[in-house]
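Engineer: Contents of final17.txt (compact mmCIF, C-alpha atoms and all ligand atoms) are below:
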# COMPACT_ATOMS: atom_id res chain seq x y z
CA MET M 1 -16.75 -8.79 19.62
CA ARG M 2 -13.87 -9.25 17.12
CA LYS M 3 -11.04 -6.81 17.49
CA VAL M 4 -10.37 -4.79 14.36
CA VAL M 5 -6.79 -3.82 13.46
CA LEU M 6 -5.58 -1.84 10.47
CA VAL M 7 -1.82 -2.06 9.84
CA THR M 8 -0.06 0.27 7.41
CA GLY M 9 3.23 -1.02 5.99
CA ALA M 10 1.90 -4.57 6.35
CA SER M 11 3.70 -5.92 3.27
CA SER M 12 7.13 -6.25 4.88
CA GLY M 13 9.39 -5.69 7.86
CA ILE M 14 7.88 -4.71 11.18
CA GLY M 15 4.33 -4.30 9.82
CA LEU M 16 4.34 -7.85 8.44
CA ALA M 17 5.85 -9.30 11.61
CA LEU M 18 3.19 -7.46 13.63
CA CYS M 19 0.40 -9.04 11.55
CA LYS M 20 1.81 -12.52 12.20
CA ARG M 21 2.16 -11.93 15.93
CA LEU M 22 -1.31 -10.43 16.24
CA LEU M 23 -2.89 -13.43 14.53
CA ALA M 24 -0.85 -15.82 16.67
CA GLU M 25 -2.36 -14.10 19.73
CA ASP M 26 -5.90 -13.79 18.43
CA ASN M 27 -6.81 -15.90 15.43
CA GLU M 28 -10.29 -14.40 15.27
CA LEU M 29 -8.95 -10.95 14.64
CA TYR M 30 -10.30 -8.76 11.85
CA LEU M 31 -7.06 -7.62 10.25
CA CYS M 32 -6.88 -5.12 7.42
CA LEU M 33 -3.60 -4.87 5.50
CA ALA M 34 -3.13 -1.31 4.24
CA CYS M 35 -0.49 -1.50 1.50
CA ARG M 36 0.40 0.54 -1.55
CA ASN M 37 1.20 -2.56 -3.63
CA THR M 38 -1.91 -4.72 -4.08
CA GLY M 39 0.06 -7.68 -5.43
CA LYS M 40 2.22 -7.78 -2.31
CA ALA M 41 -0.81 -7.26 -0.06
CA GLU M 42 -2.67 -10.20 -1.64
CA ALA M 43 0.38 -12.44 -1.32
CA VAL M 44 0.70 -11.54 2.39
CA ARG M 45 -3.03 -12.08 2.89
CA ALA M 46 -2.84 -15.57 1.32
CA THR M 47 0.14 -16.51 3.52
CA LEU M 48 -1.58 -15.28 6.69
CA LEU M 49 -4.84 -17.05 5.90
CA ALA M 50 -3.00 -20.31 5.18
CA CYS M 51 -1.74 -20.23 8.80
CA TYR M 52 -4.81 -18.63 10.43
CA PRO M 53 -7.88 -19.72 8.45
CA THR M 54 -10.35 -18.47 11.09
CA ALA M 55 -9.06 -14.91 10.93
CA GLU M 56 -10.64 -12.33 8.72
CA VAL M 57 -7.91 -10.68 6.66
CA THR M 58 -8.69 -8.00 4.12
CA THR M 59 -6.56 -5.56 2.16
CA VAL M 60 -6.93 -1.92 1.26
CA GLN M 61 -4.76 -0.13 -1.27
CA VAL M 62 -3.17 3.02 0.13
CA ASP M 63 -0.04 4.97 -0.67
CA VAL M 64 0.25 7.14 2.44
CA SER M 65 2.49 9.63 0.65
CA ASN M 66 -0.32 10.34 -1.84
CA LEU M 67 -3.30 12.15 -0.31
CA GLN M 68 -5.76 11.20 -3.03
CA SER M 69 -4.93 7.58 -2.32
CA VAL M 70 -5.43 8.14 1.44
CA PHE M 71 -8.87 9.72 0.84
CA GLU M 72 -9.90 6.88 -1.44
CA ALA M 73 -8.76 4.24 1.04
CA CYS M 74 -10.72 5.96 3.83
CA LYS M 75 -13.82 6.11 1.68
CA GLU M 76 -13.53 2.44 1.00
CA LEU M 77 -12.91 1.60 4.66
CA LYS M 78 -15.91 3.61 5.74
CA GLN M 79 -18.07 1.87 3.18
CA ARG M 80 -16.90 -1.53 4.35
CA LYS M 81 -17.38 -0.48 7.96
CA ALA M 82 -14.00 -2.03 8.61
CA ILE M 83 -11.43 -0.20 10.69
CA HIS M 84 -8.74 0.93 12.86
CA MET M 85 -5.05 1.50 13.76
CA PHE M 86 -1.60 1.99 12.40
CA SER M 87 2.23 1.19 11.70
CA THR M 88 4.04 2.01 8.38
CA ALA M 89 14.98 3.86 11.91
CA GLU M 90 17.30 4.76 13.93
CA GLY M 91 20.39 6.82 15.02
CA LEU M 92 21.91 6.26 11.63
CA LEU M 93 18.64 6.25 9.83
CA THR M 94 17.76 8.95 7.40
CA GLN M 95 15.38 8.79 4.46
CA GLN M 96 15.81 10.39 1.07
CA ASP M 97 13.32 13.22 0.81
CA ARG M 98 11.62 14.80 -2.19
CA VAL M 99 8.39 16.61 -3.03
CA THR M 100 5.28 14.50 -3.72
CA ALA M 101 2.60 15.17 -6.34
CA ASP M 102 0.60 16.89 -3.55
CA GLY M 103 3.48 19.33 -3.05
CA LEU M 104 4.40 17.87 0.36
CA GLN M 105 7.77 16.59 1.56
CA GLU M 106 7.62 12.84 1.06
CA VAL M 107 9.04 11.75 4.43
CA PHE M 108 6.61 14.05 6.27
CA ALA M 109 3.71 12.86 4.08
CA THR M 110 4.54 9.18 4.57
CA ASN M 111 5.42 9.14 8.26
CA ILE M 112 2.95 11.73 9.54
CA PHE M 113 0.55 13.56 7.30
CA GLY M 114 -0.92 10.64 5.30
CA HIS M 115 -1.61 8.87 8.60
CA PHE M 116 -3.05 12.05 10.09
CA ILE M 117 -5.53 12.30 7.20
CA LEU M 118 -6.30 8.60 7.58
CA ILE M 119 -7.23 9.20 11.22
CA ARG M 120 -9.21 12.38 10.48
CA GLU M 121 -11.21 10.60 7.81
CA LEU M 122 -11.86 7.59 10.03
CA GLU M 123 -12.74 9.66 13.12
CA PRO M 124 -16.41 8.63 13.09
CA LEU M 125 -15.36 4.99 13.12
CA LEU M 126 -12.63 5.40 15.71
CA CYS M 127 -14.37 7.63 18.24
CA HIS M 128 -16.87 5.92 20.51
CA SER M 129 -16.44 6.25 24.26
CA TYR M 130 -18.20 2.93 25.02
CA ASN M 131 -15.57 0.94 23.08
CA PRO M 132 -12.13 2.61 23.07
CA SER M 133 -9.91 2.54 19.97
CA GLN M 134 -6.15 2.50 20.03
CA LEU M 135 -3.73 4.11 17.59
CA ILE M 136 -0.13 2.94 17.81
CA TRP M 137 2.53 4.89 15.96
CA THR M 138 5.86 3.35 15.03
CA SER M 139 8.09 6.22 16.02
CA SER M 140 11.79 5.87 16.74
CA ARG M 141 14.44 6.41 19.39
CA ASN M 142 15.83 8.72 16.69
CA ALA M 143 13.06 11.33 17.19
CA ARG M 144 15.04 14.45 18.12
CA LYS M 145 13.59 17.73 19.30
CA SER M 146 16.63 19.57 17.85
CA ASN M 147 15.74 18.28 14.34
CA PHE M 148 12.17 19.58 14.45
CA SER M 149 10.94 23.12 13.96
CA LEU M 150 7.40 24.47 14.21
CA GLU M 151 8.41 26.98 11.52
CA ASP M 152 9.29 24.17 9.09
CA ILE M 153 7.12 21.21 10.07
CA GLN M 154 7.76 19.38 6.80
CA HIS M 155 11.52 19.82 7.22
CA ARG M 156 11.93 21.39 3.79
CA LYS M 157 15.11 23.17 4.82
CA GLY M 158 16.85 20.65 7.07
CA GLN M 159 19.00 17.56 6.58
CA GLU M 160 17.20 15.21 9.00
CA PRO M 161 13.69 14.65 7.61
CA TYR M 162 13.38 11.21 9.22
CA SER M 163 14.24 12.33 12.74
CA SER M 164 12.04 15.42 12.33
CA SER M 165 9.07 13.31 11.18
CA LYS M 166 9.48 10.96 14.13
CA TYR M 167 9.59 13.85 16.61
CA ALA M 168 6.48 15.19 14.89
CA THR M 169 4.89 11.76 15.42
CA ASP M 170 5.58 12.03 19.15
CA LEU M 171 4.06 15.53 19.24
CA LEU M 172 0.98 14.44 17.34
CA ASN M 173 0.53 11.51 19.71
CA VAL M 174 0.37 13.89 22.67
CA ALA M 175 -2.07 16.24 20.91
CA LEU M 176 -4.33 13.40 19.75
CA ASN M 177 -4.64 12.14 23.32
CA ARG M 178 -5.54 15.61 24.49
CA HIS M 179 -8.23 16.08 21.84
CA PHE M 180 -9.68 12.60 21.57
CA ASN M 181 -9.39 10.68 24.84
CA GLN M 182 -12.81 11.83 25.97
CA GLN M 183 -14.24 10.45 22.76
CA GLY M 184 -12.66 7.04 23.36
CA LEU M 185 -9.66 7.35 21.05
CA TYR M 186 -6.21 6.75 22.56
CA SER M 187 -2.81 7.08 20.94
CA SER M 188 0.63 5.65 21.85
CA VAL M 189 4.09 5.63 20.32
CA ILE M 190 6.68 2.89 20.19
CA CYS M 191 10.18 2.37 18.87
CA PRO M 192 10.93 -1.10 17.45
CA GLY M 193 14.69 -0.74 18.03
CA THR M 194 17.21 -1.33 15.23
CA VAL M 195 15.69 -3.94 12.99
CA LEU M 196 17.15 -5.37 9.79
CA THR M 197 14.49 -4.55 7.19
CA ASN M 198 14.37 -2.88 3.77
CA LEU M 199 14.71 0.42 5.66
CA THR M 200 18.02 -0.48 7.32
CA TYR M 201 19.25 -2.18 4.11
CA GLY M 202 18.89 1.31 2.63
CA ILE M 203 21.75 2.43 4.93
CA LEU M 204 24.09 -0.52 4.44
CA PRO M 205 23.64 -3.43 2.03
CA PRO M 206 22.65 -6.81 3.57
CA PHE M 207 26.13 -8.35 3.14
CA LEU M 208 27.68 -5.55 5.23
CA TRP M 209 25.12 -6.08 7.97
CA THR M 210 26.05 -9.79 7.88
CA LEU M 211 29.75 -8.93 8.21
CA LEU M 212 28.97 -6.62 11.14
CA MET M 213 26.78 -9.18 12.86
CA PRO M 214 29.37 -10.55 15.33
CA VAL M 215 30.01 -7.00 16.56
CA ILE M 216 26.29 -6.26 16.77
CA TRP M 217 25.67 -9.44 18.76
CA LEU M 218 28.34 -8.31 21.22
CA LEU M 219 26.87 -4.79 21.35
CA ARG M 220 23.58 -6.32 22.37
CA PHE M 221 25.06 -7.04 25.81
CA PHE M 222 25.49 -3.28 26.28
CA ALA M 223 22.65 -1.76 24.23
CA ASN M 224 19.19 -3.27 24.37
CA SER M 225 18.00 -1.44 21.23
CA PHE M 226 19.52 -3.98 18.78
CA THR M 227 16.34 -5.98 18.41
CA LEU M 228 17.47 -6.98 14.89
CA THR M 229 14.54 -9.16 13.74
CA PRO M 230 11.11 -7.76 12.77
CA TYR M 231 9.56 -10.23 15.24
CA ASN M 232 11.58 -8.78 18.13
CA GLY M 233 10.85 -5.25 16.91
CA THR M 234 7.11 -5.78 17.38
CA GLU M 235 7.48 -6.53 21.13
CA ALA M 236 6.27 -3.07 22.25
CA LEU M 237 3.41 -3.14 19.71
CA ILE M 238 2.18 -6.47 21.03
CA TRP M 239 2.60 -5.34 24.64
CA LEU M 240 0.47 -2.26 23.94
CA PHE M 241 -2.14 -4.42 22.21
CA HIS M 242 -2.69 -6.10 25.61
CA GLN M 243 -2.98 -2.91 27.64
CA LYS M 244 -6.06 -0.89 28.48
CA PRO M 245 -5.33 2.27 26.43
CA GLU M 246 -6.98 4.42 29.14
CA SER M 247 -4.28 3.35 31.61
CA LEU M 248 -1.30 4.51 29.50
CA ASN M 249 0.73 7.69 30.00
CA PRO M 250 0.70 9.72 26.74
CA LEU M 251 4.13 11.21 27.49
CA ILE M 252 5.83 7.81 27.55
CA LYS M 253 7.37 6.06 24.54
CA TYR M 254 7.38 2.27 24.65
CA LEU M 255 10.58 0.68 23.38
CA SER M 256 11.10 -2.85 22.10
CA ALA M 257 14.29 -4.22 23.63
CA THR M 258 16.30 -7.43 23.38
CA THR M 259 18.91 -8.73 25.84
CA GLY M 260 22.33 -10.11 24.89
CA PHE M 261 20.81 -13.58 25.30
CA GLY M 262 18.00 -12.77 22.90
CA SER M 263 15.05 -12.29 25.30
CA ASN M 264 12.56 -9.61 24.39
CA TYR M 265 11.06 -7.09 26.75
CA VAL M 266 9.57 -3.60 26.77
CA THR M 267 11.16 -0.60 28.32
CA VAL M 268 9.91 2.98 28.55
CA GLU M 269 11.27 6.45 27.98
CA LYS M 270 9.82 9.80 28.99
CA MET M 271 9.51 11.92 25.85
CA ASP M 272 11.07 15.36 25.61
CA ILE M 273 7.82 17.10 24.70
CA ASP M 274 5.94 20.09 25.94
CA GLU M 275 2.20 20.08 25.49
CA ASP M 276 2.09 23.62 24.17
CA THR M 277 4.35 22.72 21.19
CA ALA M 278 2.26 19.59 20.60
CA GLU M 279 -0.89 21.69 20.47
CA ARG M 280 0.65 24.27 18.12
CA PHE M 281 1.86 21.48 15.83
CA TYR M 282 -1.63 19.96 15.83
CA GLN M 283 -3.14 23.31 14.85
CA ASN M 284 -0.54 23.58 12.03
CA LEU M 285 -1.59 20.14 10.78
CA LEU M 286 -5.27 21.19 10.80
CA GLU M 287 -4.35 24.29 8.77
CA LEU M 288 -2.38 22.21 6.27
CA GLU M 289 -5.25 19.76 6.08
CA LYS M 290 -7.63 22.59 5.11
CA ARG M 291 -5.26 23.69 2.34
CA VAL M 292 -4.69 20.23 0.89
CA ARG M 293 -8.41 19.45 0.99
CA VAL M 294 -9.05 22.51 -1.17
CA ASN M 295 -6.25 21.48 -3.57
CA THR M 296 -7.40 17.86 -3.70
CA THR M 297 -11.00 18.90 -4.44
CA GLN M 298 -9.82 21.27 -7.15
CA LYS M 299 -7.68 18.49 -8.66
CA SER M 300 -10.59 16.00 -8.69
CA ASP M 301 -12.94 18.64 -10.18
CA HIS M 302 -10.36 19.32 -12.86
CA GLN M 303 -10.01 15.61 -13.67
CA SER M 304 -13.78 14.97 -13.89
N1 LIG K 401 13.99 -0.94 10.97
C1 LIG K 401 14.33 -0.17 12.00
O1 LIG K 401 15.44 -0.33 12.57
C2 LIG K 401 13.40 0.88 12.54
C3 LIG K 401 13.78 1.62 13.68
C4 LIG K 401 12.93 2.62 14.19
C5 LIG K 401 11.68 2.84 13.58
N2 LIG K 401 11.31 2.10 12.48
C6 LIG K 401 9.99 2.41 11.87
O2 LIG K 401 9.27 1.20 11.67
C7 LIG K 401 8.32 1.39 10.60
C8 LIG K 401 8.39 0.17 9.64
O3 LIG K 401 9.69 0.15 9.03
P1 LIG K 401 10.45 -1.23 8.59
O4 LIG K 401 11.80 -1.19 9.21
O5 LIG K 401 9.56 -2.40 8.82
O6 LIG K 401 10.67 -0.90 7.05
P2 LIG K 401 10.33 -1.75 5.70
O7 LIG K 401 10.69 -3.20 5.85
O8 LIG K 401 10.97 -0.94 4.63
O9 LIG K 401 8.74 -1.66 5.60
C9 LIG K 401 8.12 -0.44 5.29
C10 LIG K 401 6.67 -0.74 4.97
O10 LIG K 401 6.01 0.52 4.73
C11 LIG K 401 5.40 0.46 3.44
N3 LIG K 401 5.39 1.80 2.83
C12 LIG K 401 6.46 2.62 2.60
N4 LIG K 401 6.04 3.77 1.99
C13 LIG K 401 4.69 3.65 1.85
C14 LIG K 401 3.68 4.48 1.28
N5 LIG K 401 3.97 5.66 0.75
N6 LIG K 401 2.38 4.06 1.32
C15 LIG K 401 2.07 2.87 1.87
N7 LIG K 401 2.97 2.02 2.42
C16 LIG K 401 4.27 2.41 2.40
C17 LIG K 401 6.23 -0.54 2.63
O11 LIG K 401 5.44 -1.02 1.53
P3 LIG K 401 6.10 -1.65 0.17
O12 LIG K 401 6.26 -3.11 0.48
O13 LIG K 401 5.07 -1.33 -0.86
O14 LIG K 401 7.43 -0.95 -0.03
C18 LIG K 401 6.49 -1.60 3.71
O15 LIG K 401 5.39 -2.45 3.90
C19 LIG K 401 8.70 2.74 9.94
O16 LIG K 401 7.82 3.75 10.44
C20 LIG K 401 10.12 3.00 10.47
O17 LIG K 401 10.42 4.38 10.49
C21 LIG K 401 12.14 1.12 11.94
Written as structure tokens, that's how I'd like the structure from this file.
Ligand SMILES: NC(=O)c1ccc[n+]([C@@H]2O[C@H](COP(=O)([O-])OP(=O)(O)OC[C@H]3O[C@@H](n4cnc5c(N)ncnc54)[C@H](OP(=O)(O)O)[C@@H]3O)[C@@H](O)[C@H]2O)c1

Structural biologist:
Amino acid sequence: MRKVVLVTGASSGIGLALCKRLLAEDNELYLCLACRNTGKAEAVRATLLACYPTAEVTTVQVDVSNLQSVFEACKELKQRKAIHMFSTAEGLLTQQDRVTADGLQEVFATNIFGHFILIRELEPLLCHSYNPSQLIWTSSRNARKSNFSLEDIQHRKGQEPYSSSKYATDLLNVALNRHFNQQGLYSSVICPGTVLTNLTYGILPPFLWTLLMPVIWLLRFFANSFTLTPYNGTEALIWLFHQKPESLNPLIKYLSATTGFGSNYVTVEKMDIDEDTAERFYQNLLELEKRVRVNTTQKSDHQS
């Protein structure tokens, strides 16, 4: 049976590199590119199919920071009976935050909540104990417990929305395993390391990264997290793709790493998470889901 993989953020950076590596490993894959920009998605699809003509590559339009768009994408995916999975920074990395049209904090909506709704909507397709499904979240080494609060899960009041959203990703991963493993759905988290992508170019412009490169190459001999290229950053994703999800420890984060000589490998880190907080966060997400579903229905009724 063909494996089915859905990659969010497939139009560039780590998501795009992941698509290329997955097809290089399995050119019969059914790959669905979930992108907000259809033009970019089609261009990526054409490039991938030129190299892997036997693969089945489709696209679905989704802006994960916009819940209406997430619901529509799920509806379409269910209709197509296509499915499954994930992906859409580090130490220095922060993201500008603002409020979306759904009234949610954008970083929270993009990194966590849009994906949470995606999973909830696709539950019937993902949950079957006879054929396990695997969710893989691109978290970060920058997920910090101290930046997350159960009282402010969207991080409306803090200054570290990125780190908070990544810690929330780790919590959700633990809760999803607890609730869904028996139904054949398994979740894992990875960190791609520091990778030069549009995200990191948001911190420093490309020319500054180029100037810093000699120092970064040297640093690589002391810190294995400077993976630098999107290809290297996908190492942990590809490694997980080969594992039996049932055999993985949900409290472990898998980290892409690169040696000073440029070899890639995967290392692990025990996450600083307690299961009680993970469960309370999950219940908060279910509550928020109820509220946004009511709002989204009201909005659609109003528009029709
Ligand atoms: N780069 C790093 O050093 C680093 C380190 C740790 C973790 N990560 C994580 O790795 C993941 C991928 O990041 P990257 O470095 O590859 O960044 P990137 O090159 O900026 O790629 C981000 C991707 O996400 C898509 N995207 C952003 N907002 C979206 C939305 N609202 N709806 C749908 N798609 C959206 C972008 O689509 P468009 O093409 O339409 O913009 C793009 O395909 C992120 O979760 C990031 O936090 C990265």

Engineer: Set the distance at 9 Å and use all atoms listed in the file: which residues neighbour M:Lys253 once local chain neighbours fewer than 2 positions away are removed? I'd like the list as a VMD selection string.

Structural biologist: chain M and resid 139 to 141 170 188 to 191 249 to 251 255 267 to 271

Engineer: Near M:Leu172, within 8 Å and counting all atoms listed in the file, which residues show up once chain neighbours fewer than 5 positions away are dropped, as a ChimeraX atom specification?

Structural biologist: /M:278,281-282

Engineer: Quick one, how far is atom CA of M:Arg291 from atom O17 of ligand LIG 401 (chain K)?

Structural biologist: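 One can read the atom CA of M:Arg291 to atom O17 of ligand LIG 401 (chain K) distance as 26.2 Å.
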
Engineer: Would you list the residues near (9.2, 12.9, 6.6), meaning any protein, DNA or RNA residue with an atom at most 9 Å from that point in file coordinates, counting all atoms listed in the file, as a PyMOL selection string?

Structural biologist: chain M and resi 95-97+105-113+154-155+160-166

Engineer: Which one is closest to M:Thr100: M:Ile14, M:Val64, M:Leu118, M:Cys127? Count only C-alpha atoms.

Structural biologist: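 Nearest candidate to M:Thr100 out of M:Ile14, M:Val64, M:Leu118, M:Cys127: M:Val64.
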
Engineer: Kindly provide, as a PDB file with C-alpha atoms, in the coordinates of the input, the polymer residues lying within 12 Å of (-2.4, -4.2, -4.0), counting only C-alpha atoms and using the coordinates exactly as they appear in the file.

Structural biologist:
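What follows is the written file selection.pdb:
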ATOM      1  CA  GLY M   9       3.230  -1.020   5.990  1.00  0.00           C
ATOM      2  CA  ALA M  10       1.900  -4.570   6.350  1.00  0.00           C
ATOM      3  CA  SER M  11       3.700  -5.920   3.270  1.00  0.00           C
ATOM      4  CA  LEU M  33      -3.600  -4.870   5.500  1.00  0.00           C
ATOM      5  CA  ALA M  34      -3.130  -1.310   4.240  1.00  0.00           C
ATOM      6  CA  CYS M  35      -0.490  -1.500   1.500  1.00  0.00           C
ATOM      7  CA  ARG M  36       0.400   0.540  -1.550  1.00  0.00           C
ATOM      8  CA  ASN M  37       1.200  -2.560  -3.630  1.00  0.00           C
ATOM      9  CA  THR M  38      -1.910  -4.720  -4.080  1.00  0.00           C
ATOM     10  CA  GLY M  39       0.060  -7.680  -5.430  1.00  0.00           C
ATOM     11  CA  LYS M  40       2.220  -7.780  -2.310  1.00  0.00           C
ATOM     12  CA  ALA M  41      -0.810  -7.260  -0.060  1.00  0.00           C
ATOM     13  CA  GLU M  42      -2.670 -10.200  -1.640  1.00  0.00           C
ATOM     14  CA  ALA M  43       0.380 -12.440  -1.320  1.00  0.00           C
ATOM     15  CA  VAL M  44       0.700 -11.540   2.390  1.00  0.00           C
ATOM     16  CA  ARG M  45      -3.030 -12.080   2.890  1.00  0.00           C
ATOM     17  CA  THR M  58      -8.690  -8.000   4.120  1.00  0.00           C
ATOM     18  CA  THR M  59      -6.560  -5.560   2.160  1.00  0.00           C
ATOM     19  CA  VAL M  60      -6.930  -1.920   1.260  1.00  0.00           C
ATOM     20  CA  GLN M  61      -4.760  -0.130  -1.270  1.00  0.00           C
ATOM     21  CA  VAL M  62      -3.170   3.020   0.130  1.00  0.00           C
ATOM     22  CA  ASP M  63      -0.040   4.970  -0.670  1.00  0.00           C
ATOM     23  CA  ALA M  73      -8.760   4.240   1.040  1.00  0.00           C
TER      24      ALA M  73
END

Engineer: Just checking: using only C-alpha atoms and all ligand atoms, which residue out of M:Ala143, M:Val5, M:Val215, M:Val292 ends up closest to ligand LIG 401 (chain K)?

Structural biologist: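 Nearest to ligand LIG 401 (chain K): M:Ala143.
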
Engineer: Report, in Å with one decimal, the straight-line distance from atom CA of M:Leu18 to atom CA of M:Pro132.

Structural biologist: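 Between atom CA of M:Leu18 and atom CA of M:Pro132 the gap is 20.6 Å.
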
Engineer: If we count all atoms listed in the file, what is near stretch 179-185 of chain M at a cut-off of 6 Å, once residues fewer than 2 positions away on the same chain are taken out, given as a list in words?

Structural biologist: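 Near neighbours after the sequence-gap exclusion: Cys127, His128, Ser129, Pro132, Ser133, Leu176 and Asn177 of chain M.
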
Engineer: Select, from M:Tyr167, M:Gly13, M:Ala175, M:Arg21, the residue with the minimum atom-to-atom distance to ligand LIG 401 (chain K), counting all atoms listed in the file.

Structural biologist: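 Counting all atoms listed in the file, the residue closest to ligand LIG 401 (chain K) is M:Gly13.
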
Engineer: Give me the residues near M:Glu235 as an MDAnalysis selection string, where near means some atom within 10 Å (using all atoms listed in the file) and where sequence neighbours in that chain fewer than 4 positions away do not count.

Structural biologist: chainID M and resid 18 21 190:193 227 230:231 239:241 254:258 264:266

Engineer: M:Pro53, M:Gly158, M:Gly233, M:Pro206: which is nearest ligand LIG 401 (chain K), counting all atoms listed in the file?

Structural biologist: M:Gly233

Engineer: From the structure block, carefully write stretch 268-287 of chain M out with N, CA and C atoms; format it as a short mmCIF file (atom, residue, chain, number, x, y, z; two decimals), in the first residue's frame.

Structural biologist:
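Below you can see result.cif, which holds the result:
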data_model
loop_
_atom_site.label_atom_id
_atom_site.label_comp_id
_atom_site.auth_asym_id
_atom_site.auth_seq_id
_atom_site.Cartn_x
_atom_site.Cartn_y
_atom_site.Cartn_z
N VAL M 268 18.94 12.74 20.56
CA VAL M 268 17.66 12.85 21.27
C VAL M 268 17.80 13.69 22.52
N GLU M 269 16.66 14.18 22.97
CA GLU M 269 16.65 15.01 24.18
C GLU M 269 15.38 14.67 24.95
N LYS M 270 15.51 14.47 26.25
CA LYS M 270 14.31 14.23 27.06
C LYS M 270 13.63 15.58 27.26
N MET M 271 12.32 15.64 27.02
CA MET M 271 11.63 16.92 27.13
C MET M 271 11.25 17.22 28.59
N ASP M 272 11.25 18.52 28.88
CA ASP M 272 10.92 18.96 30.24
C ASP M 272 9.40 19.15 30.33
N ILE M 273 8.70 18.03 30.43
CA ILE M 273 7.23 18.08 30.34
C ILE M 273 6.61 17.21 31.40
N ASP M 274 5.58 17.71 32.06
CA ASP M 274 4.85 16.78 32.92
C ASP M 274 3.48 16.52 32.30
N GLU M 275 3.06 15.26 32.44
CA GLU M 275 1.89 14.80 31.69
C GLU M 275 0.61 15.50 32.13
N ASP M 276 0.60 15.94 33.39
CA ASP M 276 -0.58 16.63 33.90
C ASP M 276 -0.76 17.97 33.17
N THR M 277 0.34 18.73 32.99
CA THR M 277 0.26 20.01 32.26
C THR M 277 -0.15 19.74 30.81
N ALA M 278 0.39 18.67 30.22
CA ALA M 278 0.05 18.34 28.83
C ALA M 278 -1.45 18.09 28.71
N GLU M 279 -1.99 17.36 29.69
CA GLU M 279 -3.42 17.05 29.65
C GLU M 279 -4.27 18.31 29.83
N ARG M 280 -3.83 19.18 30.76
CA ARG M 280 -4.62 20.41 30.98
C ARG M 280 -4.56 21.31 29.74
N PHE M 281 -3.42 21.35 29.09
CA PHE M 281 -3.29 22.14 27.86
C PHE M 281 -4.22 21.57 26.77
N TYR M 282 -4.25 20.24 26.68
CA TYR M 282 -5.11 19.59 25.68
C TYR M 282 -6.58 19.94 25.93
N GLN M 283 -6.97 19.91 27.21
CA GLN M 283 -8.37 20.26 27.54
C GLN M 283 -8.65 21.72 27.18
N ASN M 284 -7.66 22.61 27.41
CA ASN M 284 -7.81 24.03 27.02
C ASN M 284 -8.00 24.15 25.51
N LEU M 285 -7.25 23.36 24.75
CA LEU M 285 -7.38 23.41 23.29
C LEU M 285 -8.77 22.94 22.85
N LEU M 286 -9.28 21.90 23.52
CA LEU M 286 -10.63 21.41 23.17
C LEU M 286 -11.67 22.48 23.46
N GLU M 287 -11.49 23.19 24.59
CA GLU M 287 -12.41 24.28 24.93
C GLU M 287 -12.38 25.38 23.87
#
